[in-house]
Every structure is written in structure tokens, then in C-alpha cells.
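Okay, query-v9.cif now, which holds mmCIF, C-alpha atoms and all ligand atoms:
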data_my_file
loop_
_atom_site.label_atom_id
_atom_site.label_comp_id
_atom_site.auth_asym_id
_atom_site.auth_seq_id
_atom_site.Cartn_x
_atom_site.Cartn_y
_atom_site.Cartn_z
CA MET R 25 -31.93 -68.38 -50.68
CA LEU R 26 -29.60 -65.42 -51.09
CA ILE R 27 -30.58 -64.11 -47.68
CA LYS R 28 -29.83 -67.52 -46.21
CA ILE R 29 -26.36 -67.55 -47.78
CA LEU R 30 -25.71 -63.98 -46.65
CA SER R 31 -26.75 -64.73 -43.11
CA LYS R 32 -24.46 -67.77 -43.06
CA LEU R 33 -21.61 -65.66 -44.44
CA ASP R 34 -22.33 -63.11 -41.78
CA ARG R 35 -21.59 -65.68 -39.14
CA PHE R 36 -18.34 -66.69 -40.84
CA ILE R 37 -16.90 -63.21 -41.46
CA PRO R 38 -15.78 -62.69 -37.83
CA ARG R 39 -14.15 -66.13 -37.88
CA ILE R 40 -12.42 -65.43 -41.21
CA SER R 41 -11.07 -62.12 -39.92
CA VAL R 42 -9.74 -63.82 -36.78
CA VAL R 43 -7.98 -66.41 -38.95
CA LEU R 44 -6.52 -63.64 -41.14
CA VAL R 45 -5.28 -61.68 -38.13
CA VAL R 46 -3.68 -64.81 -36.63
CA LEU R 47 -2.06 -65.61 -39.99
CA ALA R 48 -0.70 -62.07 -40.24
CA ILE R 49 0.70 -62.29 -36.69
CA ILE R 50 2.48 -65.54 -37.56
CA ALA R 51 3.40 -64.70 -41.13
CA LEU R 52 5.12 -61.36 -40.51
CA PRO R 53 7.70 -62.54 -37.94
CA LEU R 54 8.16 -65.74 -39.95
CA ALA R 55 8.93 -63.72 -43.08
CA ALA R 56 11.39 -61.54 -41.11
CA PHE R 57 13.00 -64.69 -39.65
CA ILE R 58 13.38 -66.36 -43.06
CA TYR R 59 14.80 -63.15 -44.53
CA GLU R 60 17.37 -62.74 -41.76
CA TYR R 61 18.50 -66.36 -41.44
CA MET R 62 18.17 -67.63 -44.98
CA VAL R 63 18.01 -64.85 -47.54
CA ILE R 64 20.82 -62.65 -46.17
CA PRO R 65 23.36 -65.49 -45.60
CA GLY R 66 22.38 -66.85 -49.02
CA ARG R 67 23.62 -63.65 -50.61
CA HIS R 68 27.16 -64.39 -49.56
CA PRO R 69 29.24 -67.10 -51.22
CA VAL R 70 29.30 -70.26 -49.13
CA ASP R 71 33.07 -70.09 -48.75
CA ARG R 72 32.89 -66.81 -46.78
CA LYS R 73 32.67 -66.46 -43.01
CA VAL R 74 29.99 -63.88 -42.30
CA PHE R 75 29.67 -62.04 -38.97
CA ASN R 76 27.13 -59.52 -37.74
CA ILE R 77 28.67 -56.95 -35.43
CA THR R 78 27.09 -54.05 -33.58
CA ALA R 79 28.97 -51.00 -32.36
CA ILE R 80 27.70 -49.67 -29.05
CA GLY R 81 29.09 -46.41 -27.69
CA ASN R 82 27.46 -44.60 -24.78
CA ASP R 83 28.19 -46.30 -21.44
CA HIS R 84 29.49 -49.50 -23.00
CA GLY R 85 32.11 -48.61 -25.58
CA ILE R 86 32.09 -52.06 -27.14
CA TRP R 87 31.72 -54.08 -30.29
CA THR R 88 29.28 -56.94 -29.98
CA LEU R 89 28.29 -60.00 -31.91
CA GLN R 90 24.67 -59.26 -31.13
CA LYS R 91 22.36 -60.28 -33.92
CA VAL R 92 21.41 -57.36 -36.12
CA SER R 93 18.00 -57.65 -37.66
CA GLY R 94 14.50 -56.32 -37.90
CA LEU R 95 13.66 -58.93 -35.29
CA ASN R 96 15.49 -56.84 -32.73
CA TYR R 97 12.37 -54.73 -32.40
CA TRP R 98 10.78 -57.65 -30.61
CA ARG R 99 13.74 -59.50 -29.19
CA LYS R 100 16.68 -58.01 -27.34
CA ASP R 101 19.77 -60.16 -27.16
CA PRO R 102 22.02 -59.76 -24.14
CA VAL R 103 24.84 -57.37 -24.87
CA GLU R 104 27.91 -59.52 -25.21
CA ARG R 105 31.26 -57.93 -25.65
CA LEU R 106 33.22 -59.03 -28.67
CA GLU R 107 36.84 -59.34 -27.58
CA LYS R 108 38.32 -61.43 -30.32
CA LEU R 109 37.32 -62.88 -33.62
CA SER R 110 39.36 -65.82 -34.80
CA PHE R 111 39.98 -66.91 -38.35
CA GLU R 112 42.04 -69.43 -40.14
CA LYS R 113 44.66 -68.33 -42.61
CA GLY R 114 43.05 -68.04 -46.01
CA ASP R 115 39.52 -67.42 -44.69
CA LYS R 116 37.43 -65.04 -46.69
CA VAL R 117 35.68 -62.79 -44.20
CA THR R 118 32.60 -60.59 -44.41
CA LEU R 119 31.82 -58.29 -41.50
CA ARG R 120 28.36 -56.73 -41.48
CA ILE R 121 28.54 -53.87 -39.02
CA ASN R 122 25.75 -51.76 -37.60
CA SER R 123 25.58 -49.13 -34.89
CA ALA R 124 23.14 -49.24 -31.98
CA ASP R 125 23.45 -45.52 -31.31
CA VAL R 126 25.65 -42.92 -32.98
CA TYR R 127 28.21 -42.72 -35.81
CA HIS R 128 31.27 -44.91 -35.33
CA SER R 129 34.14 -45.90 -37.55
CA PHE R 130 35.58 -49.40 -37.88
CA ALA R 131 39.35 -49.20 -38.12
CA LEU R 132 41.51 -52.22 -38.79
CA ARG R 133 44.99 -52.61 -40.17
CA ILE R 134 45.90 -55.97 -41.65
CA PRO R 135 48.89 -56.67 -43.85
CA GLY R 136 48.35 -55.06 -47.22
CA GLN R 137 45.10 -53.41 -46.23
CA ARG R 138 44.04 -50.50 -44.10
CA ILE R 139 40.33 -50.40 -43.34
CA ASN R 140 38.54 -47.37 -41.95
CA LYS R 141 34.82 -47.30 -42.59
CA THR R 142 32.08 -45.14 -41.14
CA ILE R 143 29.37 -47.08 -39.32
CA LYS R 144 26.01 -45.37 -39.37
CA PRO R 145 23.14 -46.21 -37.02
CA GLY R 146 20.43 -48.25 -38.69
CA GLN R 147 22.60 -49.10 -41.66
CA ILE R 148 24.76 -52.14 -42.26
CA THR R 149 28.27 -51.48 -43.52
CA THR R 150 29.89 -54.46 -45.17
CA ILE R 151 33.64 -55.03 -44.94
CA GLU R 152 35.32 -57.84 -46.82
CA PHE R 153 38.85 -59.13 -46.69
CA THR R 154 40.91 -62.29 -46.79
CA ALA R 155 42.82 -63.31 -43.66
CA GLU R 156 46.14 -63.80 -45.36
CA GLU R 157 48.77 -63.43 -42.67
CA VAL R 158 48.92 -65.08 -39.27
CA GLY R 159 48.85 -62.62 -36.38
CA THR R 160 46.80 -60.58 -33.97
CA TYR R 161 45.35 -57.36 -35.32
CA LYS R 162 43.56 -54.84 -33.16
CA PHE R 163 40.50 -53.07 -34.41
CA SER R 164 38.96 -50.00 -32.89
CA CYS R 165 36.60 -47.11 -33.41
CA ALA R 166 38.17 -44.21 -35.28
CA HIS R 167 35.34 -41.76 -34.82
CA ILE R 168 35.05 -39.95 -31.48
CA CYS R 169 31.64 -41.19 -30.43
CA GLY R 170 31.37 -40.40 -26.71
CA ASP R 171 32.95 -40.96 -23.31
CA ALA R 172 33.47 -44.68 -23.88
CA HIS R 173 35.06 -44.23 -27.32
CA THR R 174 38.56 -45.26 -26.27
CA LYS R 175 37.22 -48.55 -24.86
CA MET R 176 36.06 -49.69 -28.28
CA MET R 177 38.93 -52.07 -28.91
CA ALA R 178 38.95 -55.73 -29.90
CA ALA R 179 41.18 -58.11 -31.78
CA LEU R 180 41.11 -60.16 -34.89
CA ILE R 181 43.23 -63.28 -34.77
CA VAL R 182 44.44 -65.16 -37.79
CA VAL R 183 45.83 -68.63 -37.08
CA ASP R 184 47.34 -71.27 -39.28
CA ASN R 185 46.03 -74.68 -38.30
CA LYS R 186 49.09 -76.26 -39.87
CA ILE R 187 51.34 -74.82 -37.17
CA PRO R 188 51.51 -76.54 -33.73
CA ARG R 189 48.78 -75.75 -31.20
CA THR R 190 51.19 -74.30 -28.59
CA GLU R 191 52.48 -71.77 -31.11
CA ARG R 192 48.93 -70.83 -32.01
CA GLN R 193 48.09 -70.26 -28.35
CA ALA R 194 51.14 -68.01 -28.03
CA ILE R 195 49.83 -65.89 -30.90
CA GLU R 196 46.42 -65.61 -29.21
CA LYS R 197 48.06 -64.57 -25.91
CA GLU R 198 49.59 -61.53 -27.60
CA ILE R 199 46.34 -59.60 -27.24
CU CU N 201 34.17 -44.16 -31.17
#

Can you dump the structure from the file as C-alpha cells?
Amino acid sequence: MLIKILSKLDRFIPRISVVLVVLAIIALPLAAFIYEYMVIPGRHPVDRKVFNITAIGNDHGIWTLQKVSGLNYWRKDPVERLEKLSFEKGDKVTLRINSADVYHSFALRIPGQRINKTIKPGQITTIEFTAEEVGTYKFSCAHICGDAHTKMMAALIVVDNKIPRTERQAIEKEI
């Protein structure tokens, strides 16, 4: 009897291990996906606008809105240059910034606040502020990071939706 059960089990063990391996293959990326898209945003209050930004020096010299996550080991997003980030007056903003290569520094001057934070590769630096005054504010890298360092410029635009559209467009053209 026991031998019969053992021999049956013997036939099932390879199948069970295949099922376990398949489950692990599905479960791990799924867990990473849930963590990145649900757990992390859930940590921020719902009234905040949260952005993931990556600093890329080397040949590019850009800031990108490329998704930053553990999933990047499997999936490479196209490198898309971040030229401007627009907000509405009163928006509470959270920038989560990572570096794809070397040390950078995120430098931004907005009314009443001067931000200059070191961005380390493999580590997310969080910057929070409230977009209080309408205008166009340039941000750049303040840490000499390579030949393309001076190209690392982009703009943050704060608009007031209560003012006419043509005036808003004029503000955006100032870049
Ligand atoms: Cu730099």
C-alpha cells in the first residue's frame, strides 16, 4: 500500500515542481509589478502629483520620465527626454529621482525655496514642494557629471487655470 502511494507520488513530484517553478516565474514579476504600481503610489497622499524621473549623464545629458523600478531589469523603456513638467498652481508635487549612471544633483529654484539635492545611482531621492507661484522655472544638474552635464536642463511650469488660455501659452513659451 505504502509503496503504491510512494510510486504514485513519485510520478507527481516532477509535475508539482513544474507547477511551482511556473508559479514562481509568474509570482515574482507580479509581486514587483504590484509593489511598483500600487504600493509605492499608495504611500503618497492622493492629493499629490507623483513623478518618477531618471537622470542620465554620459552621452545623453538628460532628465527622463522613464519608469524607475525593479522591473527595469527585464524591461527597458525608450529613453525619452523630459523637457517640461507642468503643474497647476497649488499642486502638491513629489518628484522621485534616480540616476541611471553616476552622481548628479537636482537643482531647482522656485519662489521661497531653493532645492539642491544629490541624486545617487540606484537610490531614489524624494523632493516635495507646492507649486505656489505661476511661472517657468528651470531645473538642472548641479554636480559635474561628465561631458553632457551642461545639457541637463529642463523646465517646470506652473500655470493657473483661472487665467485665460492665451496668457498661459505665453508663460509656457518663455522656456
Ligand atoms: Cu551633471

Next item on the list: Please give me, as a PyMOL selection string, the residues lying within 12 Å of ligand CU 201 (chain N) when counting all atoms listed in the file.
Entry: chain R and resi 79-87+123+125-131+141-144+163-177

Give me the residues within 12 Å of stretch 132-137 of chain R as a PDB file with C-alpha atoms, keeping the file's coordinate frame, counting all atoms listed in the file and dropping any in the same chain fewer than 4 places off.
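Just written: around19.pdb:
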ATOM      1  CA  LEU R 119      31.820 -58.290 -41.500  1.00  0.00           C
ATOM      2  CA  LYS R 141      34.820 -47.300 -42.590  1.00  0.00           C
ATOM      3  CA  ILE R 151      33.640 -55.030 -44.940  1.00  0.00           C
ATOM      4  CA  GLU R 152      35.320 -57.840 -46.820  1.00  0.00           C
ATOM      5  CA  PHE R 153      38.850 -59.130 -46.690  1.00  0.00           C
ATOM      6  CA  THR R 154      40.910 -62.290 -46.790  1.00  0.00           C
ATOM      7  CA  ALA R 155      42.820 -63.310 -43.660  1.00  0.00           C
ATOM      8  CA  GLU R 156      46.140 -63.800 -45.360  1.00  0.00           C
ATOM      9  CA  GLU R 157      48.770 -63.430 -42.670  1.00  0.00           C
ATOM     10  CA  VAL R 158      48.920 -65.080 -39.270  1.00  0.00           C
ATOM     11  CA  GLY R 159      48.850 -62.620 -36.380  1.00  0.00           C
ATOM     12  CA  THR R 160      46.800 -60.580 -33.970  1.00  0.00           C
ATOM     13  CA  TYR R 161      45.350 -57.360 -35.320  1.00  0.00           C
ATOM     14  CA  LYS R 162      43.560 -54.840 -33.160  1.00  0.00           C
ATOM     15  CA  PHE R 163      40.500 -53.070 -34.410  1.00  0.00           C
ATOM     16  CA  SER R 164      38.960 -50.000 -32.890  1.00  0.00           C
ATOM     17  CA  CYS R 165      36.600 -47.110 -33.410  1.00  0.00           C
ATOM     18  CA  ALA R 166      38.170 -44.210 -35.280  1.00  0.00           C
ATOM     19  CA  MET R 177      38.930 -52.070 -28.910  1.00  0.00           C
ATOM     20  CA  ALA R 178      38.950 -55.730 -29.900  1.00  0.00           C
ATOM     21  CA  ALA R 179      41.180 -58.110 -31.780  1.00  0.00           C
ATOM     22  CA  LEU R 180      41.110 -60.160 -34.890  1.00  0.00           C
ATOM     23  CA  ILE R 181      43.230 -63.280 -34.770  1.00  0.00           C
ATOM     24  CA  VAL R 182      44.440 -65.160 -37.790  1.00  0.00           C
TER      25      VAL R 182
END

Next item on the list: Kindly give the distance, in Å, that separates atom CA of R:Glu112 and atom CA of R:Lys73, rounded to a single decimal.
Entry: 10.2 Å

Checklist line | Between atom CA of R:Pro69 and atom CA of R:Thr118 - distance in Å to one decimal | finding: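 Atom CA of R:Pro69 lies at a distance of 10.0 Å from atom CA of R:Thr118.
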
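Pairwise distance (atom CA of R:Val117, atom CA of R:Ile58) equals 22.6 Å.
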